[in-house]
Amino acid sequence: MNPVALLAGLLPVLLFLAGLMLMDSYKLVARPAVLRAIGAGAIAAGLAFTINVSLLGPGHVSPFVLQRYLAPVIEESLKALYVIVLIRLDRVGFMVDAGIQGFTVGAGFALVENLYYAHALADPDPVLWLVRGLGTAVMHGGATAIVGIVTKNLADHSETHGLAGALPGLAIAIAVHAAYNALSASPLVGVALLFVTMPLLLFLVFERSERATQNWLGVGLDADVELLELIHSGAISDTRVGHYLESLKSRFPGPVVGDMLCLLQIRLELALRAKGMLLARQAGLDVPIDRDVAANFAEMTYLQKAIGPTGWIAILPFIRASRRDLWQIEMMMKR
């Protein structure tokens, strides 16, 4: 294994990933999440290698057909799976962290792939490893980042769930991968195209996501503070929320309605803490999580069970249980 070749194949994608992490001013993706995404990419690489070898051997598929048509579908689908699951489980809040998670999965895939080639190939040709490091590795990261970005954007603007919402991003990633493989006869052209398009795409996504984060923090923070102040002052009874809760007494026992109000208060308090943590991280401050947050989560879970499924549906309009609200509360416990 040539150490210089290995370094050329691994360093560019790691530097690219480090640059994305530095651009994340809100620190939306924590280090444990990065390590898990790299691990997911490594597992995807192992599965892809097994499938590709099976197709070349027992499957009698020609190397040309595999590289041009089948490998892009197989590899992009395996890499995308982890990112799709994260989005489906509300573990990402914005396009920027979906893109970072996707690029990290692709980086993990590329690291394993380049380790294999560094071991299997004795050719230390610097052009080959320049292409693998600056081209193939960045392509793997960028393609999966596209899946995350497009899928998250669709999830934020529609009620599309599961595989259907991931198909457009996955189709684009497969097309990018296939187009890159088609340029294998002119590898430096592929590298040049990647270095023009991929940084520009990710920069535009970061800019848009930063604006969306600032807008969400401002509007959501004001609304949460206003509603929480009304609850604490007892003035909520004169508001639309109070009138609605009062009307629920005809359908639910009084203690259940009281639990609904407590649940609303706890969720508002947790949401404010999470927004405050994001603002602090943007300012470069690392704010520790209060010890009572875990207790608040336990109480919130108890109250959700206490009011039951029907009670939960009844107060959903005032809990504002969007994907992003759920994510920012979960984020506090994952750090």
# chains A, B, ... in the order shown; residues from 1 in each chain; ligands from 1
call {"tool": "residues_around", "arguments": {"residues": "region 147-153 of chain A", "least_positions_apart": "5", "cutoff": "9 Å", "atoms": "only C-alpha atoms", "output": "PyMOL selection string"}}
result
chain A and resi 76+80+83-84+87+92-103+142+158+165-173+205
call {"tool": "atom_distance", "arguments": {"atom1": "CA of Ala107 (chain A)", "atom2": "CA of Ala40 (chain A)"}}
result
10.0 Å
call {"tool": "atom_distance", "arguments": {"atom1": "CA of Met300 (chain A)", "atom2": "CA of Met260 (chain A)"}}
result
10.1 Å
call {"tool": "closest_residue", "arguments": {"among": "A:Asp156, A:Val73, A:His119, A:Val293", "to": "Arg267 (chain A)", "atoms": "only C-alpha atoms"}}
result
A:Val293
call {"tool": "select_by_dssp", "arguments": {"residues": "region 235-300 of chain A", "states": "alpha helix (DSSP H)", "output": "CSV table (one decimal) with all heavy atoms, in the first residue's frame"}}
result
chain,number,residue,atom,x,y,z
A,240,ARG,N,-57.3,32.6,22.2
A,240,ARG,CA,-57.9,31.6,21.4
A,240,ARG,C,-57.6,30.2,21.9
A,240,ARG,O,-58.4,29.3,21.9
A,240,ARG,CB,-57.5,31.8,20.0
A,240,ARG,CG,-58.0,30.8,19.0
A,240,ARG,CD,-57.7,31.3,17.5
A,240,ARG,NE,-56.3,31.4,17.3
A,240,ARG,CZ,-55.5,30.4,16.8
A,240,ARG,NH1,-56.1,29.3,16.5
A,240,ARG,NH2,-54.2,30.6,16.6
A,241,VAL,N,-56.3,30.1,22.4
A,241,VAL,CA,-55.9,28.8,22.9
A,241,VAL,C,-56.7,28.4,24.2
A,241,VAL,O,-57.1,27.3,24.3
A,241,VAL,CB,-54.4,28.8,23.2
A,241,VAL,CG1,-53.9,27.5,23.8
A,241,VAL,CG2,-53.6,29.1,22.0
A,242,GLY,N,-56.8,29.4,25.1
A,242,GLY,CA,-57.6,29.2,26.3
A,242,GLY,C,-59.0,28.8,26.0
A,242,GLY,O,-59.6,27.9,26.7
A,243,HIS,N,-59.6,29.5,25.1
A,243,HIS,CA,-61.0,29.2,24.7
A,243,HIS,C,-61.2,27.8,24.2
A,243,HIS,O,-62.1,27.1,24.5
A,243,HIS,CB,-61.6,30.2,23.7
A,243,HIS,CG,-61.7,31.6,24.2
A,243,HIS,ND1,-61.7,32.7,23.4
A,243,HIS,CD2,-61.7,32.1,25.5
A,243,HIS,CE1,-61.7,33.8,24.2
A,243,HIS,NE2,-61.8,33.5,25.5
A,244,TYR,N,-60.2,27.4,23.4
A,244,TYR,CA,-60.2,26.1,22.8
A,244,TYR,C,-60.1,25.0,23.9
A,244,TYR,O,-60.8,24.0,23.9
A,244,TYR,CB,-59.1,25.9,21.8
A,244,TYR,CG,-59.1,24.6,21.1
A,244,TYR,CD1,-60.0,24.2,20.1
A,244,TYR,CD2,-58.2,23.6,21.5
A,244,TYR,CE1,-60.0,23.0,19.5
A,244,TYR,CE2,-58.1,22.4,20.8
A,244,TYR,CZ,-59.1,22.1,19.9
A,244,TYR,OH,-59.0,20.8,19.3
A,245,LEU,N,-59.1,25.2,24.8
A,245,LEU,CA,-58.9,24.3,25.9
A,245,LEU,C,-60.2,24.2,26.8
A,245,LEU,O,-60.5,23.1,27.3
A,245,LEU,CB,-57.7,24.7,26.7
A,245,LEU,CG,-56.3,24.5,26.1
A,245,LEU,CD1,-55.2,25.1,26.9
A,245,LEU,CD2,-56.1,23.0,25.8
A,246,GLU,N,-60.8,25.3,27.0
A,246,GLU,CA,-62.0,25.4,27.8
A,246,GLU,C,-63.1,24.5,27.1
A,246,GLU,O,-63.9,23.8,27.8
A,246,GLU,CB,-62.5,26.8,28.0
A,246,GLU,CG,-63.7,27.0,28.9
A,246,GLU,CD,-63.4,26.7,30.3
A,246,GLU,OE1,-62.2,26.8,30.7
A,246,GLU,OE2,-64.4,26.3,31.1
A,247,SER,N,-63.2,24.6,25.8
A,247,SER,CA,-64.2,23.9,25.1
A,247,SER,C,-64.0,22.4,25.1
A,247,SER,O,-64.9,21.6,25.0
A,247,SER,CB,-64.3,24.3,23.6
A,247,SER,OG,-63.1,23.9,22.9
A,254,GLY,N,-61.7,17.1,33.3
A,254,GLY,CA,-60.9,18.2,33.7
A,254,GLY,C,-59.4,17.9,33.9
A,254,GLY,O,-58.6,18.7,33.4
A,255,PRO,N,-59.0,16.9,34.6
A,255,PRO,CA,-57.6,16.6,34.8
A,255,PRO,C,-56.9,16.3,33.4
A,255,PRO,O,-55.7,16.7,33.3
A,255,PRO,CB,-57.6,15.3,35.6
A,255,PRO,CG,-58.9,15.3,36.4
A,255,PRO,CD,-59.9,16.0,35.4
A,256,VAL,N,-57.6,15.7,32.5
A,256,VAL,CA,-56.9,15.5,31.2
A,256,VAL,C,-56.7,16.8,30.5
A,256,VAL,O,-55.6,17.0,29.9
A,256,VAL,CB,-57.8,14.6,30.3
A,256,VAL,CG1,-57.2,14.5,28.9
A,256,VAL,CG2,-57.9,13.2,30.9
A,257,VAL,N,-57.6,17.8,30.5
A,257,VAL,CA,-57.4,19.1,29.9
A,257,VAL,C,-56.2,19.8,30.7
A,257,VAL,O,-55.4,20.5,30.0
A,257,VAL,CB,-58.7,19.9,30.0
A,257,VAL,CG1,-58.4,21.3,29.5
A,257,VAL,CG2,-59.8,19.3,29.3
A,258,GLY,N,-56.1,19.6,32.0
A,258,GLY,CA,-55.0,20.2,32.7
A,258,GLY,C,-53.7,19.6,32.3
A,258,GLY,O,-52.7,20.3,32.1
A,259,ASP,N,-53.7,18.3,32.0
A,259,ASP,CA,-52.5,17.6,31.5
A,259,ASP,C,-52.1,18.2,30.1
A,259,ASP,O,-50.9,18.3,29.7
A,259,ASP,CB,-52.7,16.1,31.4
A,259,ASP,CG,-52.7,15.5,32.7
A,259,ASP,OD1,-52.2,16.1,33.7
A,259,ASP,OD2,-53.1,14.3,32.8
A,260,MET,N,-53.1,18.5,29.3
A,260,MET,CA,-52.9,19.1,27.9
A,260,MET,C,-52.1,20.4,28.1
A,260,MET,O,-51.2,20.7,27.3
A,260,MET,CB,-54.2,19.3,27.2
A,260,MET,CG,-54.9,18.0,26.8
A,260,MET,SD,-56.4,18.4,25.9
A,260,MET,CE,-57.1,16.7,25.6
A,261,LEU,N,-52.6,21.3,29.0
A,261,LEU,CA,-52.0,22.6,29.2
A,261,LEU,C,-50.5,22.4,29.7
A,261,LEU,O,-49.6,23.1,29.3
A,261,LEU,CB,-52.8,23.4,30.2
A,261,LEU,CG,-52.3,24.8,30.5
A,261,LEU,CD1,-52.2,25.6,29.2
A,261,LEU,CD2,-53.2,25.5,31.5
A,262,CYS,N,-50.3,21.4,30.6
A,262,CYS,CA,-49.0,21.2,31.1
A,262,CYS,C,-48.0,20.7,30.0
A,262,CYS,O,-46.9,21.1,29.9
A,262,CYS,CB,-49.0,20.1,32.3
A,262,CYS,SG,-49.7,20.7,33.8
A,263,LEU,N,-48.6,19.8,29.2
A,263,LEU,CA,-47.8,19.3,28.1
A,263,LEU,C,-47.4,20.4,27.1
A,263,LEU,O,-46.2,20.5,26.7
A,263,LEU,CB,-48.6,18.2,27.3
A,263,LEU,CG,-47.9,17.6,26.1
A,263,LEU,CD1,-46.6,17.0,26.4
A,263,LEU,CD2,-48.9,16.6,25.4
A,264,LEU,N,-48.3,21.3,26.8
A,264,LEU,CA,-48.0,22.5,26.0
A,264,LEU,C,-46.9,23.3,26.6
A,264,LEU,O,-46.0,23.8,25.9
A,264,LEU,CB,-49.3,23.3,25.8
A,264,LEU,CG,-49.2,24.6,25.0
A,264,LEU,CD1,-48.7,24.3,23.6
A,264,LEU,CD2,-50.5,25.3,24.9
A,265,GLN,N,-47.0,23.6,27.9
A,265,GLN,CA,-46.0,24.4,28.6
A,265,GLN,C,-44.6,23.8,28.5
A,265,GLN,O,-43.6,24.5,28.2
A,265,GLN,CB,-46.4,24.6,30.0
A,265,GLN,CG,-45.4,25.4,30.9
A,265,GLN,CD,-45.9,25.6,32.3
A,265,GLN,OE1,-47.1,25.5,32.6
A,265,GLN,NE2,-44.9,25.9,33.2
A,266,ILE,N,-44.5,22.5,28.8
A,266,ILE,CA,-43.2,21.8,28.8
A,266,ILE,C,-42.6,21.8,27.4
A,266,ILE,O,-41.4,22.1,27.2
A,266,ILE,CB,-43.4,20.3,29.3
A,266,ILE,CG1,-43.7,20.3,30.8
A,266,ILE,CG2,-42.1,19.6,29.0
A,266,ILE,CD1,-44.1,18.9,31.3
A,267,ARG,N,-43.4,21.6,26.4
A,267,ARG,CA,-42.9,21.6,25.0
A,267,ARG,C,-42.4,23.0,24.6
A,267,ARG,O,-41.4,23.1,23.9
A,267,ARG,CB,-43.9,21.1,24.0
A,267,ARG,CG,-44.2,19.6,24.1
A,267,ARG,CD,-45.2,19.2,23.1
A,267,ARG,NE,-44.7,19.4,21.7
A,267,ARG,CZ,-44.1,18.5,21.0
A,267,ARG,NH1,-43.8,17.3,21.5
A,267,ARG,NH2,-43.7,18.8,19.7
A,268,LEU,N,-43.1,24.0,25.0
A,268,LEU,CA,-42.7,25.4,24.8
A,268,LEU,C,-41.4,25.7,25.5
A,268,LEU,O,-40.5,26.3,24.9
A,268,LEU,CB,-43.8,26.4,25.2
A,268,LEU,CG,-45.0,26.5,24.4
A,268,LEU,CD1,-46.1,27.3,25.1
A,268,LEU,CD2,-44.7,27.0,23.0
A,269,GLU,N,-41.2,25.3,26.7
A,269,GLU,CA,-40.0,25.5,27.4
A,269,GLU,C,-38.8,24.8,26.8
A,269,GLU,O,-37.7,25.4,26.6
A,269,GLU,CB,-40.1,25.1,28.9
A,269,GLU,CG,-41.1,25.9,29.7
A,269,GLU,CD,-41.4,25.4,31.1
A,269,GLU,OE1,-41.0,24.2,31.3
A,269,GLU,OE2,-42.0,26.1,31.9
A,270,LEU,N,-39.0,23.6,26.4
A,270,LEU,CA,-37.9,22.8,25.7
A,270,LEU,C,-37.6,23.5,24.3
A,270,LEU,O,-36.4,23.5,24.0
A,270,LEU,CB,-38.3,21.4,25.5
A,270,LEU,CG,-38.4,20.5,26.8
A,270,LEU,CD1,-39.0,19.1,26.5
A,270,LEU,CD2,-37.0,20.3,27.4
A,271,ALA,N,-38.6,23.9,23.6
A,271,ALA,CA,-38.4,24.5,22.3
A,271,ALA,C,-37.6,25.8,22.5
A,271,ALA,O,-36.6,26.1,21.7
A,271,ALA,CB,-39.7,24.8,21.6
A,272,LEU,N,-37.9,26.6,23.5
A,272,LEU,CA,-37.1,27.8,23.8
A,272,LEU,C,-35.7,27.5,24.1
A,272,LEU,O,-34.7,28.2,23.7
A,272,LEU,CB,-37.8,28.6,24.9
A,272,LEU,CG,-39.1,29.4,24.5
A,272,LEU,CD1,-39.7,30.0,25.7
A,272,LEU,CD2,-38.8,30.5,23.5
A,273,ARG,N,-35.5,26.5,24.9
A,273,ARG,CA,-34.1,26.1,25.3
A,273,ARG,C,-33.3,25.7,24.1
A,273,ARG,O,-32.1,26.1,23.9
A,273,ARG,CB,-34.1,25.0,26.3
A,273,ARG,CG,-34.6,25.4,27.7
A,273,ARG,CD,-34.5,24.2,28.7
A,273,ARG,NE,-35.0,24.6,30.0
A,273,ARG,CZ,-34.9,23.8,31.1
A,273,ARG,NH1,-34.4,22.6,30.9
A,273,ARG,NH2,-35.4,24.2,32.2
A,274,ALA,N,-33.9,24.9,23.2
A,274,ALA,CA,-33.2,24.5,22.0
A,274,ALA,C,-32.9,25.6,21.1
A,274,ALA,O,-31.8,25.7,20.6
A,274,ALA,CB,-34.1,23.4,21.3
A,275,LYS,N,-33.8,26.6,20.9
A,275,LYS,CA,-33.5,27.7,20.1
A,275,LYS,C,-32.4,28.6,20.7
A,275,LYS,O,-31.5,29.1,20.0
A,275,LYS,CB,-34.8,28.6,19.9
A,275,LYS,CG,-35.8,27.9,19.0
A,275,LYS,CD,-37.0,28.8,18.8
A,275,LYS,CE,-38.0,28.2,17.9
A,275,LYS,NZ,-38.8,27.1,18.5
A,276,GLY,N,-32.4,28.7,22.0
A,276,GLY,CA,-31.4,29.4,22.7
A,276,GLY,C,-30.0,28.8,22.5
A,276,GLY,O,-29.0,29.5,22.4
A,277,MET,N,-30.0,27.4,22.5
A,277,MET,CA,-28.7,26.7,22.3
A,277,MET,C,-28.2,27.0,20.9
A,277,MET,O,-27.0,27.2,20.7
A,277,MET,CB,-28.9,25.2,22.5
A,277,MET,CG,-29.1,24.9,24.0
A,277,MET,SD,-29.5,23.1,24.2
A,277,MET,CE,-28.1,22.3,23.6
A,278,LEU,N,-29.1,27.0,19.9
A,278,LEU,CA,-28.6,27.3,18.5
A,278,LEU,C,-28.0,28.7,18.4
A,278,LEU,O,-27.0,28.9,17.8
A,278,LEU,CB,-29.8,27.1,17.6
A,278,LEU,CG,-30.2,25.7,17.3
A,278,LEU,CD1,-31.4,25.7,16.3
A,278,LEU,CD2,-29.1,24.9,16.7
A,279,LEU,N,-28.7,29.7,19.0
A,279,LEU,CA,-28.2,31.0,19.0
A,279,LEU,C,-26.8,31.2,19.7
A,279,LEU,O,-26.0,31.9,19.2
A,279,LEU,CB,-29.2,32.0,19.6
A,279,LEU,CG,-30.5,32.2,18.9
A,279,LEU,CD1,-31.5,33.0,19.7
A,279,LEU,CD2,-30.3,32.9,17.5
A,280,ALA,N,-26.7,30.4,20.8
A,280,ALA,CA,-25.4,30.5,21.5
A,280,ALA,C,-24.3,29.8,20.7
A,280,ALA,O,-23.2,30.3,20.6
A,280,ALA,CB,-25.6,29.7,22.9
A,281,ARG,N,-24.6,28.7,20.0
A,281,ARG,CA,-23.6,28.1,19.2
A,281,ARG,C,-23.2,29.0,18.0
A,281,ARG,O,-22.0,29.0,17.6
A,281,ARG,CB,-24.1,26.8,18.6
A,281,ARG,CG,-24.3,25.7,19.7
A,281,ARG,CD,-24.5,24.3,19.1
A,281,ARG,NE,-24.6,23.3,20.2
A,281,ARG,CZ,-25.8,22.8,20.5
A,281,ARG,NH1,-26.9,23.1,19.8
A,281,ARG,NH2,-25.9,21.9,21.5
A,282,GLN,N,-24.1,29.7,17.5
A,282,GLN,CA,-23.8,30.7,16.4
A,282,GLN,C,-22.8,31.7,16.9
A,282,GLN,O,-22.0,32.2,16.2
A,282,GLN,CB,-25.0,31.3,15.8
A,282,GLN,CG,-24.8,32.2,14.6
A,282,GLN,CD,-25.9,33.0,14.2
A,282,GLN,OE1,-26.7,33.4,15.1
A,282,GLN,NE2,-26.1,33.3,12.9
A,292,ASP,N,-32.3,19.2,34.4
A,292,ASP,CA,-33.7,18.9,34.5
A,292,ASP,C,-34.4,18.7,33.1
A,292,ASP,O,-35.6,18.4,33.0
A,292,ASP,CB,-34.5,20.1,35.2
A,292,ASP,CG,-34.3,21.4,34.5
A,292,ASP,OD1,-33.4,21.5,33.6
A,292,ASP,OD2,-35.0,22.4,34.8
A,293,VAL,N,-33.6,18.8,32.0
A,293,VAL,CA,-34.1,18.6,30.7
A,293,VAL,C,-34.6,17.1,30.5
A,293,VAL,O,-35.7,16.8,30.0
A,293,VAL,CB,-33.1,18.9,29.6
A,293,VAL,CG1,-33.6,18.4,28.2
A,293,VAL,CG2,-32.9,20.4,29.5
A,294,ALA,N,-33.8,16.2,31.0
A,294,ALA,CA,-34.2,14.8,31.0
A,294,ALA,C,-35.5,14.5,31.7
A,294,ALA,O,-36.4,13.8,31.3
A,294,ALA,CB,-33.1,13.9,31.5
A,295,ALA,N,-35.6,15.2,32.9
A,295,ALA,CA,-36.9,15.0,33.7
A,295,ALA,C,-38.0,15.6,32.9
A,295,ALA,O,-39.1,15.1,32.9
A,295,ALA,CB,-36.7,15.7,35.0
A,296,ASN,N,-37.8,16.7,32.2
A,296,ASN,CA,-38.9,17.3,31.4
A,296,ASN,C,-39.3,16.4,30.2
A,296,ASN,O,-40.5,16.3,29.9
A,296,ASN,CB,-38.4,18.6,30.8
A,296,ASN,CG,-38.3,19.7,31.8
A,296,ASN,OD1,-38.9,19.7,32.9
A,296,ASN,ND2,-37.5,20.8,31.5
A,297,PHE,N,-38.3,15.7,29.6
A,297,PHE,CA,-38.7,14.8,28.6
A,297,PHE,C,-39.5,13.6,29.2
A,297,PHE,O,-40.4,13.1,28.5
A,297,PHE,CB,-37.4,14.2,27.9
A,297,PHE,CG,-37.0,15.0,26.7
A,297,PHE,CD1,-36.1,16.0,26.8
A,297,PHE,CD2,-37.5,14.7,25.5
A,297,PHE,CE1,-35.7,16.8,25.7
A,297,PHE,CE2,-37.1,15.4,24.4
A,297,PHE,CZ,-36.2,16.4,24.5
A,298,ALA,N,-39.1,13.1,30.3
A,298,ALA,CA,-39.8,12.0,31.0
A,298,ALA,C,-41.3,12.4,31.3
A,298,ALA,O,-42.2,11.7,31.1
A,298,ALA,CB,-39.1,11.6,32.2
A,299,GLU,N,-41.4,13.7,31.8
A,299,GLU,CA,-42.8,14.2,32.1
A,299,GLU,C,-43.6,14.4,30.9
A,299,GLU,O,-44.8,14.1,30.8
A,299,GLU,CB,-42.6,15.5,32.9
A,299,GLU,CG,-44.0,16.0,33.4
A,299,GLU,CD,-43.9,17.2,34.2
A,299,GLU,OE1,-42.7,17.7,34.4
A,299,GLU,OE2,-44.9,17.7,34.7
A,300,MET,N,-42.9,14.8,29.8
A,300,MET,CA,-43.6,15.0,28.5
A,300,MET,C,-44.2,13.7,28.0
A,300,MET,O,-45.3,13.6,27.5
A,300,MET,CB,-42.7,15.7,27.5
A,300,MET,CG,-43.4,16.1,26.2
A,300,MET,SD,-42.3,17.1,25.1
A,300,MET,CE,-41.0,15.8,24.7
call {"tool": "closest_residue", "arguments": {"among": "A:Lys249, A:Leu10, A:Thr104, A:Leu35", "to": "Gly311 (chain A)", "atoms": "only C-alpha atoms"}}
result
A:Lys249
call {"tool": "closest_residue", "arguments": {"among": "A:Arg31, A:Arg91, A:Arg208, A:Arg132", "to": "Leu115 (chain A)", "atoms": "only C-alpha atoms"}}
result
A:Arg132
call {"tool": "closest_residue", "arguments": {"among": "A:Ala283, A:Val13, A:Leu78, A:Leu22", "to": "Thr136 (chain A)", "atoms": "only C-alpha atoms"}}
result
A:Val13
call {"tool": "atom_distance", "arguments": {"atom1": "CA of Tyr69 (chain A)", "atom2": "CA of Ala178 (chain A)"}}
result
6.7 Å
